[in-house]
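**Student:** Take a look at the following structure, please.
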Amino acid sequence: MNNMLIGMFVMIISCSILIGISEARLKIGFYDNTCPDAEFIIRDVIRDATDSDPKVPAQMLRLHFHDCFVQGCDGSILIDNGRVSEKRARGHQGLKGFDVVEEAKARLEFECPGVVSCADIVAIAARDAVSISFGPFYEVETGRRDGFVSNKSLAARMPDFGDSVKLLKHKFFEKGLNVKDLVVLNGAHTIGTTACFFLMDRLYNSSPHGGPDPSIDEDLLPELMDACPPNGDINFRVPMDHNSGETFDTQILENIRNGFAVLQSDAELMDDPVTRRILDSYLGFTNQSVLPSFEADFVESMVKMGRIGVKTGRRGEIRRVCNTFND
Ligand code: HEM
Ligand SMILES: *[C@@H]1O[C@H](CO)[C@@H](O)[C@H](O)[C@H]1NC(C)=O
Ligand SMILES: *[C@@H]1O[C@H](CO)[C@@H](O)[C@H](O)[C@H]1NC(C)=O
């Protein structure tokens, strides 16, 4: 009788361990035992890369967003598989920093081969990017594994700079993110730059009447036109957070509210009462007595975004090189 009970107990325990493995979840410190220095190594690489190119943090942060929104956060954005490569999709234009991820991967492979996924490198690099830019530091959940698919046709639902706020909301809902996540994550535009390419229509041929988008502040407009003249270099880059492009702060929210949004999609957030109210809340306009923390909410939404469609446990693989499947 006793033996039978013990036997049943052992069976139940081993079953739950098995289920635990197949339904493994992300957790903080996933590499604590298998590669204890993983996060330090990545941070060093990001720091060094930033020292020689201050554009790196913004590139890392954007890369994580683009990775997560197609096929989940699984490193699919990093793969080079010819013309079909996901990274060649229209919606991914301008992504950079692949070499930095590869550098981190090479150092990790040297230290603990076959352990740290490329998807996790991207997630950790995004976190480091935020803190290097004087934003909040937060613990990143890890344990993502790398995916087996890279196909640009899967990126068709990537949020686009010309989307209406209604469509942006919809695309975020599809990924399990709500309207607050949309506003808060879009606040990532507090750092980084945009190519003139994404501004040309907004400056010279906005819909429906042509000419400049009337929502652009009259002081900002000549500045943007000067930086991005009609037949100028569409690859020239301008800060997205006017006057505060390298620091992580709430200036971007204020800019959006005051007609200083640079991107069309940022400006759109003023066109919807719900997104506008969320913007206002961080600036103390909705309720003076409760001022939510943009930093805390940003962290919360980043963690949420970092969970989209992740492959854990025995799904996926740990790539040896980030731009190539293991075979
Ligand atoms: C709401 C939908 C979004 C749209 C339509 C959008 C669109 C864009 C566009 C057009 C650029 C300029 C790209 C270039 O010229 O290289 C850009 C840059 C950037 N985006 Fe977004 N974005 C969105 C959401 C996000 C989110 C959720 C994040 C991260 C959490 C993010 C992070 C960034 C960063 C950091 C940059 C600067 C990149 C750099 O300086 O190299 N964006 N975004
Ligand atoms: C990419 O996806 C498209 C559309 O689903 C499909 O027709 C095509 O065969 C895929 N290409 C590869 C190489 O998997
Ligand atoms: C502002 O927030 C406080 C505290 O939550 C609440 O009691 C009050 O009713 C709110 N005021 C408005 C105008 O929403």
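Chain labels A, B, ... are given in the sequence in which chains occur in the structure tokens; within each chain residues are numbered consecutively from 1, and ligands are likewise numbered from 1 in the order shown.
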Name the residues in contact with segment 159-163 of chain A at a cut-off of 12 Å, using only C-alpha atoms, excluding same-chain residues fewer than 2 positions from it; report them as a PDB file with N, CA, C and O atoms, in the first residue's frame.
**Tutor:**
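And here's around-v2.pdb as it stands now:
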ATOM      1  N   PHE A  65      12.073  44.485 -31.418  1.00  0.00           N
ATOM      2  CA  PHE A  65      10.677  44.689 -31.830  1.00  0.00           C
ATOM      3  C   PHE A  65      10.404  43.942 -33.138  1.00  0.00           C
ATOM      4  O   PHE A  65       9.429  43.198 -33.261  1.00  0.00           O
ATOM      5  N   HIS A  66      11.285  44.114 -34.096  1.00  0.00           N
ATOM      6  CA  HIS A  66      11.053  43.490 -35.405  1.00  0.00           C
ATOM      7  C   HIS A  66      11.208  41.976 -35.344  1.00  0.00           C
ATOM      8  O   HIS A  66      10.543  41.256 -36.088  1.00  0.00           O
ATOM      9  N   CYS A  68      10.398  40.106 -32.653  1.00  0.00           N
ATOM     10  CA  CYS A  68       9.228  39.584 -31.939  1.00  0.00           C
ATOM     11  C   CYS A  68       7.947  39.622 -32.777  1.00  0.00           C
ATOM     12  O   CYS A  68       7.079  38.767 -32.625  1.00  0.00           O
ATOM     13  N   PHE A  69       7.819  40.632 -33.648  1.00  0.00           N
ATOM     14  CA  PHE A  69       6.551  40.792 -34.369  1.00  0.00           C
ATOM     15  C   PHE A  69       6.383  39.839 -35.550  1.00  0.00           C
ATOM     16  O   PHE A  69       5.295  39.738 -36.104  1.00  0.00           O
ATOM     17  N   VAL A  70       7.420  39.150 -35.943  1.00  0.00           N
ATOM     18  CA  VAL A  70       7.272  38.181 -37.026  1.00  0.00           C
ATOM     19  C   VAL A  70       7.720  36.820 -36.506  1.00  0.00           C
ATOM     20  O   VAL A  70       8.872  36.656 -36.114  1.00  0.00           O
ATOM     21  N   ALA A  89      12.182  41.989 -46.039  1.00  0.00           N
ATOM     22  CA  ALA A  89      10.796  42.454 -46.173  1.00  0.00           C
ATOM     23  C   ALA A  89      10.753  43.982 -46.125  1.00  0.00           C
ATOM     24  O   ALA A  89      11.538  44.616 -45.416  1.00  0.00           O
ATOM     25  N   ARG A  90       9.817  44.545 -46.847  1.00  0.00           N
ATOM     26  CA  ARG A  90       9.618  45.989 -46.889  1.00  0.00           C
ATOM     27  C   ARG A  90       9.491  46.578 -45.482  1.00  0.00           C
ATOM     28  O   ARG A  90      10.075  47.598 -45.156  1.00  0.00           O
ATOM     29  N   GLY A  91       8.715  45.902 -44.649  1.00  0.00           N
ATOM     30  CA  GLY A  91       8.438  46.413 -43.303  1.00  0.00           C
ATOM     31  C   GLY A  91       9.645  46.426 -42.377  1.00  0.00           C
ATOM     32  O   GLY A  91       9.581  46.959 -41.278  1.00  0.00           O
ATOM     33  N   HIS A  92      10.738  45.811 -42.817  1.00  0.00           N
ATOM     34  CA  HIS A  92      11.943  45.777 -41.969  1.00  0.00           C
ATOM     35  C   HIS A  92      13.016  46.749 -42.445  1.00  0.00           C
ATOM     36  O   HIS A  92      14.142  46.714 -41.942  1.00  0.00           O
ATOM     37  N   GLN A  93      12.662  47.612 -43.403  1.00  0.00           N
ATOM     38  CA  GLN A  93      13.672  48.513 -43.970  1.00  0.00           C
ATOM     39  C   GLN A  93      14.402  49.309 -42.902  1.00  0.00           C
ATOM     40  O   GLN A  93      13.785  49.835 -41.989  1.00  0.00           O
ATOM     41  N   ALA A 155       6.305  38.721 -42.997  1.00  0.00           N
ATOM     42  CA  ALA A 155       6.419  40.038 -42.356  1.00  0.00           C
ATOM     43  C   ALA A 155       5.361  41.025 -42.858  1.00  0.00           C
ATOM     44  O   ALA A 155       5.426  42.216 -42.563  1.00  0.00           O
ATOM     45  N   ALA A 156       4.378  40.504 -43.589  1.00  0.00           N
ATOM     46  CA  ALA A 156       3.386  41.387 -44.216  1.00  0.00           C
ATOM     47  C   ALA A 156       2.588  42.210 -43.202  1.00  0.00           C
ATOM     48  O   ALA A 156       2.132  43.315 -43.510  1.00  0.00           O
ATOM     49  N   ARG A 157       2.431  41.698 -41.981  1.00  0.00           N
ATOM     50  CA  ARG A 157       1.632  42.418 -40.978  1.00  0.00           C
ATOM     51  C   ARG A 157       2.496  43.235 -40.014  1.00  0.00           C
ATOM     52  O   ARG A 157       2.066  43.561 -38.909  1.00  0.00           O
ATOM     53  N   VAL A 165      -3.908  54.826 -36.906  1.00  0.00           N
ATOM     54  CA  VAL A 165      -3.822  54.363 -35.516  1.00  0.00           C
ATOM     55  C   VAL A 165      -4.727  53.146 -35.310  1.00  0.00           C
ATOM     56  O   VAL A 165      -4.414  52.238 -34.544  1.00  0.00           O
ATOM     57  N   LYS A 166      -5.823  53.112 -36.048  1.00  0.00           N
ATOM     58  CA  LYS A 166      -6.746  51.980 -35.948  1.00  0.00           C
ATOM     59  C   LYS A 166      -6.045  50.680 -36.375  1.00  0.00           C
ATOM     60  O   LYS A 166      -6.143  49.647 -35.711  1.00  0.00           O
ATOM     61  N   LEU A 167      -5.319  50.764 -37.466  1.00  0.00           N
ATOM     62  CA  LEU A 167      -4.610  49.585 -37.961  1.00  0.00           C
ATOM     63  C   LEU A 167      -3.444  49.213 -37.037  1.00  0.00           C
ATOM     64  O   LEU A 167      -3.200  48.025 -36.783  1.00  0.00           O
ATOM     65  N   LEU A 168      -2.760  50.217 -36.513  1.00  0.00           N
ATOM     66  CA  LEU A 168      -1.664  49.929 -35.580  1.00  0.00           C
ATOM     67  C   LEU A 168      -2.190  49.179 -34.361  1.00  0.00           C
ATOM     68  O   LEU A 168      -1.614  48.190 -33.913  1.00  0.00           O
ATOM     69  N   LYS A 169      -3.324  49.664 -33.834  1.00  0.00           N
ATOM     70  CA  LYS A 169      -3.928  48.995 -32.669  1.00  0.00           C
ATOM     71  C   LYS A 169      -4.212  47.540 -33.008  1.00  0.00           C
ATOM     72  O   LYS A 169      -3.924  46.631 -32.235  1.00  0.00           O
ATOM     73  N   HIS A 170      -4.781  47.355 -34.193  1.00  0.00           N
ATOM     74  CA  HIS A 170      -5.151  46.019 -34.635  1.00  0.00           C
ATOM     75  C   HIS A 170      -3.938  45.092 -34.724  1.00  0.00           C
ATOM     76  O   HIS A 170      -3.964  43.951 -34.282  1.00  0.00           O
ATOM     77  N   LYS A 171      -2.860  45.617 -35.300  1.00  0.00           N
ATOM     78  CA  LYS A 171      -1.655  44.801 -35.460  1.00  0.00           C
ATOM     79  C   LYS A 171      -1.041  44.445 -34.100  1.00  0.00           C
ATOM     80  O   LYS A 171      -0.454  43.381 -33.945  1.00  0.00           O
ATOM     81  N   PHE A 172      -1.169  45.349 -33.141  1.00  0.00           N
ATOM     82  CA  PHE A 172      -0.666  45.033 -31.800  1.00  0.00           C
ATOM     83  C   PHE A 172      -1.573  44.002 -31.117  1.00  0.00           C
ATOM     84  O   PHE A 172      -1.095  43.092 -30.459  1.00  0.00           O
ATOM     85  N   PHE A 173      -2.907  44.161 -31.283  1.00  0.00           N
ATOM     86  CA  PHE A 173      -3.837  43.181 -30.696  1.00  0.00           C
ATOM     87  C   PHE A 173      -3.514  41.785 -31.201  1.00  0.00           C
ATOM     88  O   PHE A 173      -3.557  40.817 -30.453  1.00  0.00           O
ATOM     89  N   GLU A 174      -3.220  41.690 -32.490  1.00  0.00           N
ATOM     90  CA  GLU A 174      -2.908  40.386 -33.082  1.00  0.00           C
ATOM     91  C   GLU A 174      -1.750  39.700 -32.366  1.00  0.00           C
ATOM     92  O   GLU A 174      -1.610  38.489 -32.405  1.00  0.00           O
ATOM     93  N   LYS A 175      -0.874  40.481 -31.762  1.00  0.00           N
ATOM     94  CA  LYS A 175       0.287  39.927 -31.057  1.00  0.00           C
ATOM     95  C   LYS A 175       0.046  39.840 -29.558  1.00  0.00           C
ATOM     96  O   LYS A 175       0.978  39.624 -28.782  1.00  0.00           O
ATOM     97  N   LEU A 182       0.851  49.604 -27.111  1.00  0.00           N
ATOM     98  CA  LEU A 182       1.156  50.322 -28.356  1.00  0.00           C
ATOM     99  C   LEU A 182       1.765  51.691 -28.070  1.00  0.00           C
ATOM    100  O   LEU A 182       2.833  52.043 -28.585  1.00  0.00           O
ATOM    101  N   ASN A 186       5.764  52.347 -28.461  1.00  0.00           N
ATOM    102  CA  ASN A 186       6.079  53.348 -29.472  1.00  0.00           C
ATOM    103  C   ASN A 186       6.976  54.449 -28.872  1.00  0.00           C
ATOM    104  O   ASN A 186       7.732  55.098 -29.587  1.00  0.00           O
ATOM    105  N   THR A 194      15.412  58.417 -37.900  1.00  0.00           N
ATOM    106  CA  THR A 194      14.717  57.858 -39.047  1.00  0.00           C
ATOM    107  C   THR A 194      15.363  58.382 -40.324  1.00  0.00           C
ATOM    108  O   THR A 194      15.867  59.508 -40.348  1.00  0.00           O
ATOM    109  N   ALA A 195      15.336  57.568 -41.346  1.00  0.00           N
ATOM    110  CA  ALA A 195      15.803  58.019 -42.650  1.00  0.00           C
ATOM    111  C   ALA A 195      14.760  58.977 -43.220  1.00  0.00           C
ATOM    112  O   ALA A 195      13.555  58.798 -42.991  1.00  0.00           O
ATOM    113  N   PHE A 197      13.677  58.990 -46.003  1.00  0.00           N
ATOM    114  CA  PHE A 197      12.786  58.124 -46.776  1.00  0.00           C
ATOM    115  C   PHE A 197      11.382  58.034 -46.160  1.00  0.00           C
ATOM    116  O   PHE A 197      10.378  58.106 -46.870  1.00  0.00           O
ATOM    117  N   PHE A 198      11.323  57.877 -44.817  1.00  0.00           N
ATOM    118  CA  PHE A 198      10.035  57.681 -44.146  1.00  0.00           C
ATOM    119  C   PHE A 198       9.266  58.988 -43.936  1.00  0.00           C
ATOM    120  O   PHE A 198       8.158  58.978 -43.410  1.00  0.00           O
ATOM    121  N   LEU A 199       9.891  60.120 -44.305  1.00  0.00           N
ATOM    122  CA  LEU A 199       9.259  61.412 -44.050  1.00  0.00           C
ATOM    123  C   LEU A 199       8.777  62.129 -45.308  1.00  0.00           C
ATOM    124  O   LEU A 199       8.040  63.114 -45.223  1.00  0.00           O
ATOM    125  N   MET A 200       9.235  61.663 -46.468  1.00  0.00           N
ATOM    126  CA  MET A 200       9.004  62.425 -47.690  1.00  0.00           C
ATOM    127  C   MET A 200       7.523  62.713 -47.947  1.00  0.00           C
ATOM    128  O   MET A 200       7.133  63.857 -48.195  1.00  0.00           O
ATOM    129  N   ASP A 201       6.687  61.697 -47.847  1.00  0.00           N
ATOM    130  CA  ASP A 201       5.258  61.916 -48.088  1.00  0.00           C
ATOM    131  C   ASP A 201       4.676  62.874 -47.052  1.00  0.00           C
ATOM    132  O   ASP A 201       3.874  63.752 -47.379  1.00  0.00           O
ATOM    133  N   ARG A 202       5.088  62.693 -45.825  1.00  0.00           N
ATOM    134  CA  ARG A 202       4.551  63.531 -44.759  1.00  0.00           C
ATOM    135  C   ARG A 202       4.936  64.999 -44.949  1.00  0.00           C
ATOM    136  O   ARG A 202       4.182  65.907 -44.587  1.00  0.00           O
ATOM    137  N   SER A 206       1.347  64.810 -48.317  1.00  0.00           N
ATOM    138  CA  SER A 206       0.549  64.095 -47.326  1.00  0.00           C
ATOM    139  C   SER A 206      -0.883  63.944 -47.842  1.00  0.00           C
ATOM    140  O   SER A 206      -1.361  64.772 -48.614  1.00  0.00           O
ATOM    141  N   SER A 207      -1.526  62.889 -47.406  1.00  0.00           N
ATOM    142  CA  SER A 207      -2.909  62.702 -47.841  1.00  0.00           C
ATOM    143  C   SER A 207      -3.830  63.434 -46.852  1.00  0.00           C
ATOM    144  O   SER A 207      -3.470  63.595 -45.679  1.00  0.00           O
ATOM    145  N   VAL A 262       7.915  63.247 -35.354  1.00  0.00           N
ATOM    146  CA  VAL A 262       8.614  63.231 -36.630  1.00  0.00           C
ATOM    147  C   VAL A 262       7.962  62.216 -37.568  1.00  0.00           C
ATOM    148  O   VAL A 262       7.650  62.521 -38.705  1.00  0.00           O
ATOM    149  N   LEU A 263       7.723  61.024 -37.057  1.00  0.00           N
ATOM    150  CA  LEU A 263       7.094  59.987 -37.884  1.00  0.00           C
ATOM    151  C   LEU A 263       5.583  60.179 -37.943  1.00  0.00           C
ATOM    152  O   LEU A 263       4.945  60.522 -36.940  1.00  0.00           O
ATOM    153  N   GLN A 264       5.025  59.901 -39.077  1.00  0.00           N
ATOM    154  CA  GLN A 264       3.572  59.908 -39.269  1.00  0.00           C
ATOM    155  C   GLN A 264       2.865  59.023 -38.232  1.00  0.00           C
ATOM    156  O   GLN A 264       1.880  59.419 -37.609  1.00  0.00           O
ATOM    157  N   SER A 265       3.404  57.805 -38.038  1.00  0.00           N
ATOM    158  CA  SER A 265       2.740  56.857 -37.129  1.00  0.00           C
ATOM    159  C   SER A 265       2.774  57.356 -35.684  1.00  0.00           C
ATOM    160  O   SER A 265       1.880  57.055 -34.897  1.00  0.00           O
ATOM    161  N   ASP A 266       3.797  58.121 -35.314  1.00  0.00           N
ATOM    162  CA  ASP A 266       3.825  58.713 -33.969  1.00  0.00           C
ATOM    163  C   ASP A 266       2.726  59.773 -33.861  1.00  0.00           C
ATOM    164  O   ASP A 266       1.975  59.807 -32.876  1.00  0.00           O
ATOM    165  N   ALA A 267       2.637  60.616 -34.892  1.00  0.00           N
ATOM    166  CA  ALA A 267       1.637  61.691 -34.888  1.00  0.00           C
ATOM    167  C   ALA A 267       0.222  61.120 -34.806  1.00  0.00           C
ATOM    168  O   ALA A 267      -0.662  61.687 -34.161  1.00  0.00           O
ATOM    169  N   GLU A 268       0.022  59.979 -35.449  1.00  0.00           N
ATOM    170  CA  GLU A 268      -1.290  59.314 -35.463  1.00  0.00           C
ATOM    171  C   GLU A 268      -1.833  59.055 -34.055  1.00  0.00           C
ATOM    172  O   GLU A 268      -3.040  58.961 -33.859  1.00  0.00           O
ATOM    173  N   LEU A 269      -0.939  58.900 -33.095  1.00  0.00           N
ATOM    174  CA  LEU A 269      -1.394  58.576 -31.740  1.00  0.00           C
ATOM    175  C   LEU A 269      -2.236  59.700 -31.148  1.00  0.00           C
ATOM    176  O   LEU A 269      -2.928  59.508 -30.153  1.00  0.00           O
TER     177      LEU A 269
END
**Student:** Pick out the residues no farther than 7 Å from ligand 2, counting only C-alpha atoms and all ligand atoms, and list them as JSON, numbers by chain.
**Tutor:** {"A": [84, 151, 152, 153, 154]}
**Student:** As an exercise, work out the distance from atom CA of Glu141 of chain A to atom CA of Gly29 of chain A in Å and give it to one decimal place.
**Tutor:**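 Atom-to-atom, atom CA of Glu141 of chain A and atom CA of Gly29 of chain A are spaced 7.0 Å apart.
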**Student:** When distances are computed from only C-alpha atoms and all ligand atoms, which of A:Ser52, A:Thr142, A:Ser131, A:Thr190 shows the smallest separation from ligand 1?
**Tutor:**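 When distances to ligand 1 are compared using only C-alpha atoms and all ligand atoms, the smallest one comes from A:Thr190.
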**Student:** Once you count only C-alpha atoms and all ligand atoms, which residues end up within 9 Å of ligand 3, and could you hand them over as a list in words?
**Tutor:**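 For ligand 3, the residues inside 9 Å are Thr286, Asn287, Gln288, Ser289, Val290 and Leu291 of chain A.
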**Student:** Can I get the selected residues back with all heavy atoms, as a compact mmCIF listing (two decimals), in the first residue's frame?
**Tutor:**
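Saved file result_11.txt follows:
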# COMPACT_ATOMS: atom_id res chain seq x y z
N THR A 286 -4.25 63.97 -17.52
CA THR A 286 -5.54 63.32 -17.26
C THR A 286 -5.96 63.46 -15.81
O THR A 286 -7.09 63.79 -15.51
CB THR A 286 -5.50 61.82 -17.62
OG1 THR A 286 -4.19 61.49 -18.02
CG2 THR A 286 -6.49 61.49 -18.71
N ASN A 287 -5.02 63.17 -14.93
CA ASN A 287 -5.37 63.21 -13.51
C ASN A 287 -4.12 63.59 -12.73
O ASN A 287 -3.18 62.81 -12.60
CB ASN A 287 -5.88 61.83 -13.07
CG ASN A 287 -6.42 61.86 -11.66
OD1 ASN A 287 -6.03 62.71 -10.86
ND2 ASN A 287 -7.32 60.93 -11.36
N GLN A 288 -4.12 64.81 -12.25
CA GLN A 288 -2.95 65.35 -11.55
C GLN A 288 -2.51 64.49 -10.38
O GLN A 288 -1.34 64.44 -10.05
CB GLN A 288 -3.28 66.77 -11.03
CG GLN A 288 -3.62 67.76 -12.12
CD GLN A 288 -2.38 68.46 -12.69
OE1 GLN A 288 -1.33 68.45 -12.08
NE2 GLN A 288 -2.51 69.04 -13.87
N SER A 289 -3.47 63.78 -9.75
CA SER A 289 -3.11 63.06 -8.53
C SER A 289 -2.53 61.66 -8.80
O SER A 289 -1.91 61.09 -7.93
CB SER A 289 -4.30 62.99 -7.56
OG SER A 289 -5.40 62.41 -8.21
N VAL A 290 -2.76 61.12 -10.00
CA VAL A 290 -2.08 59.86 -10.34
C VAL A 290 -1.26 60.05 -11.61
O VAL A 290 -1.79 60.25 -12.68
CB VAL A 290 -3.06 58.67 -10.58
CG1 VAL A 290 -3.09 57.75 -9.39
CG2 VAL A 290 -4.45 59.15 -10.96
N LEU A 291 0.05 59.97 -11.43
CA LEU A 291 0.94 60.09 -12.58
C LEU A 291 1.60 58.74 -12.80
O LEU A 291 2.51 58.36 -12.06
CB LEU A 291 1.99 61.18 -12.30
CG LEU A 291 2.86 61.59 -13.48
CD1 LEU A 291 2.04 62.27 -14.58
CD2 LEU A 291 3.98 62.50 -13.01
**Student:** In Å, how far is it from atom 32 (C, counted along the ligand's line) of ligand 1 to atom CA of Ala227 of chain A?
**Tutor:**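 If I compute the distance from atom 32 (C, counted along the ligand's line) of ligand 1 to atom CA of Ala227 of chain A, I get 21.3 Å.
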**Student:** Would you mind reading off the distance between atom 16 (O, counted along the ligand's line) of ligand 1 and atom CA of Leu95 of chain A, one decimal, in Å?
**Tutor:**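 Atom CA of Leu95 of chain A lies 5.8 Å from atom 16 (O, counted along the ligand's line) of ligand 1.
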**Student:** Using DSSP on the backbone, list every residue of segment 1-185 of chain A that comes out as strand (DSSP E), and give them as a PyMOL selection string.
**Tutor:** chain A and resi 27-28+141-142
**Student:** So that I can see what lies close to Met305 of chain A, please list as a PDB file with C-alpha atoms, in the first residue's frame the residues with an atom at most 8 Å from it, counting only C-alpha atoms and leaving out residues fewer than 2 positions away in the same chain.
**Tutor:**
ATOM      1  CA  PHE A  65      10.677  44.689 -31.830  1.00  0.00           C
ATOM      2  CA  CYS A  68       9.228  39.584 -31.939  1.00  0.00           C
ATOM      3  CA  LEU A 177      -0.566  43.556 -26.987  1.00  0.00           C
ATOM      4  CA  SER A 301       5.340  46.175 -22.028  1.00  0.00           C
ATOM      5  CA  MET A 302       8.855  45.197 -23.132  1.00  0.00           C
ATOM      6  CA  VAL A 303       8.668  42.043 -21.028  1.00  0.00           C
ATOM      7  CA  ARG A 307       7.169  36.743 -24.739  1.00  0.00           C
ATOM      8  CA  ILE A 308       5.463  36.870 -28.133  1.00  0.00           C
TER       9      ILE A 308
END
**Student:** Would you please work out which residue, of A:His189, A:Arg127, A:Arg47, A:Arg145, is nearest to ligand 1 when using only C-alpha atoms and all ligand atoms?
**Tutor:**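 Looking only at the distances to ligand 1, the closest residue turns out to be A:His189.
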**Student:** Can you pull out the residues contacting Asp99 of chain A? Cut-off 10 Å, using only C-alpha atoms, and skip same-chain residues under 5 positions away; I want them as an MDAnalysis selection string.
**Tutor:** chainID A and resid 49 78 104:105 322:323
**Student:** Report as a ChimeraX atom specification all protein, DNA and RNA residues lying within 12 Å of segment 110-115 of chain A, evaluated on only C-alpha atoms, omitting residues in the same chain fewer than 5 positions from it.
**Tutor:** /A:30-42,103-105,120-121,142-146,317-322,326
**Student:** Write the selection just made, keeping N, CA and C atoms, as a compact mmCIF listing (two decimals), in the first residue's frame?
**Tutor:**
# COMPACT_ATOMS: atom_id res chain seq x y z
N PHE A 30 17.92 32.32 -16.87
CA PHE A 30 17.91 31.00 -17.50
C PHE A 30 19.32 30.44 -17.67
N TYR A 31 20.30 31.31 -17.87
CA TYR A 31 21.67 30.84 -18.13
C TYR A 31 22.55 30.87 -16.87
N ASP A 32 21.95 31.08 -15.69
CA ASP A 32 22.74 31.20 -14.46
C ASP A 32 23.71 30.05 -14.26
N ASN A 33 23.27 28.84 -14.60
CA ASN A 33 24.15 27.68 -14.40
C ASN A 33 24.93 27.31 -15.64
N THR A 34 24.28 27.47 -16.82
CA THR A 34 24.91 26.97 -18.05
C THR A 34 25.87 27.97 -18.69
N CYS A 35 25.68 29.24 -18.41
CA CYS A 35 26.58 30.26 -18.97
C CYS A 35 26.46 31.52 -18.13
N PRO A 36 27.00 31.44 -16.89
CA PRO A 36 26.75 32.50 -15.91
C PRO A 36 27.16 33.90 -16.37
N ASP A 37 28.14 33.99 -17.27
CA ASP A 37 28.59 35.32 -17.69
C ASP A 37 27.86 35.84 -18.93
N ALA A 38 26.88 35.08 -19.39
CA ALA A 38 26.24 35.43 -20.67
C ALA A 38 25.81 36.90 -20.73
N GLU A 39 25.08 37.35 -19.72
CA GLU A 39 24.55 38.71 -19.80
C GLU A 39 25.66 39.76 -19.70
N PHE A 40 26.74 39.44 -18.97
CA PHE A 40 27.86 40.39 -18.88
C PHE A 40 28.57 40.50 -20.22
N ILE A 41 28.73 39.33 -20.86
CA ILE A 41 29.42 39.31 -22.16
C ILE A 41 28.64 40.16 -23.17
N ILE A 42 27.33 39.97 -23.19
CA ILE A 42 26.50 40.72 -24.13
C ILE A 42 26.58 42.22 -23.83
N GLU A 103 28.73 39.52 -33.22
CA GLU A 103 29.92 39.64 -32.37
C GLU A 103 29.65 39.06 -30.98
N ALA A 104 28.48 39.37 -30.42
CA ALA A 104 28.12 38.82 -29.11
C ALA A 104 28.03 37.30 -29.19
N LYS A 105 27.42 36.83 -30.27
CA LYS A 105 27.27 35.38 -30.44
C LYS A 105 28.64 34.70 -30.48
N ASP A 120 17.65 35.29 -27.55
CA ASP A 120 17.93 35.86 -26.22
C ASP A 120 18.98 36.97 -26.31
N ILE A 121 19.96 36.80 -27.17
CA ILE A 121 20.97 37.85 -27.33
C ILE A 121 20.27 39.16 -27.72
N THR A 142 14.73 34.95 -20.02
CA THR A 142 15.48 34.26 -21.08
C THR A 142 15.02 32.80 -21.19
N GLY A 143 15.58 32.12 -22.17
CA GLY A 143 15.17 30.74 -22.43
C GLY A 143 14.50 30.59 -23.79
N ARG A 144 14.53 31.67 -24.58
CA ARG A 144 14.01 31.57 -25.97
C ARG A 144 14.93 30.69 -26.77
N ARG A 145 14.38 30.00 -27.75
CA ARG A 145 15.21 29.25 -28.68
C ARG A 145 15.00 29.80 -30.09
N ASP A 146 15.95 29.48 -30.96
CA ASP A 146 15.94 30.07 -32.30
C ASP A 146 15.07 29.28 -33.26
N GLU A 317 16.05 25.71 -31.88
CA GLU A 317 17.43 25.24 -31.70
C GLU A 317 18.26 26.38 -31.12
N ILE A 318 19.51 26.07 -30.79
CA ILE A 318 20.46 27.12 -30.42
C ILE A 318 21.43 27.23 -31.59
N ARG A 319 21.28 28.33 -32.34
CA ARG A 319 22.16 28.47 -33.51
C ARG A 319 23.62 28.65 -33.12
N ARG A 320 24.50 28.16 -34.00
CA ARG A 320 25.94 28.37 -33.77
C ARG A 320 26.35 29.77 -34.25
N VAL A 321 25.70 30.20 -35.32
CA VAL A 321 25.94 31.53 -35.88
C VAL A 321 24.54 32.14 -36.07
N CYS A 322 24.39 33.41 -35.79
CA CYS A 322 23.02 33.95 -35.78
C CYS A 322 22.39 34.12 -37.15
N ASN A 326 21.29 25.93 -38.19
CA ASN A 326 22.36 24.94 -37.94
C ASN A 326 22.47 23.90 -39.05
**Student:** Of the candidates A:Ile216, A:Val310, A:Ala106, A:Ile234, which one gets nearest to ligand 1 if we count only C-alpha atoms and all ligand atoms?
**Tutor:**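 Nearest to ligand 1: A:Ile234.
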**Student:** Run DSSP on the backbone of this structure and report the residues of segment 38-114 of chain A it assigns to helix (DSSP H, G or I), as a count of residues only.
**Tutor:** 55
**Student:** Select, from A:Gly284, A:Pro222, A:Gly192, A:Gly97, the residue with the minimum atom-to-atom distance to ligand 1, counting only C-alpha atoms and all ligand atoms.
**Tutor:**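 So, comparing all the options, the nearest one is A:Gly192.
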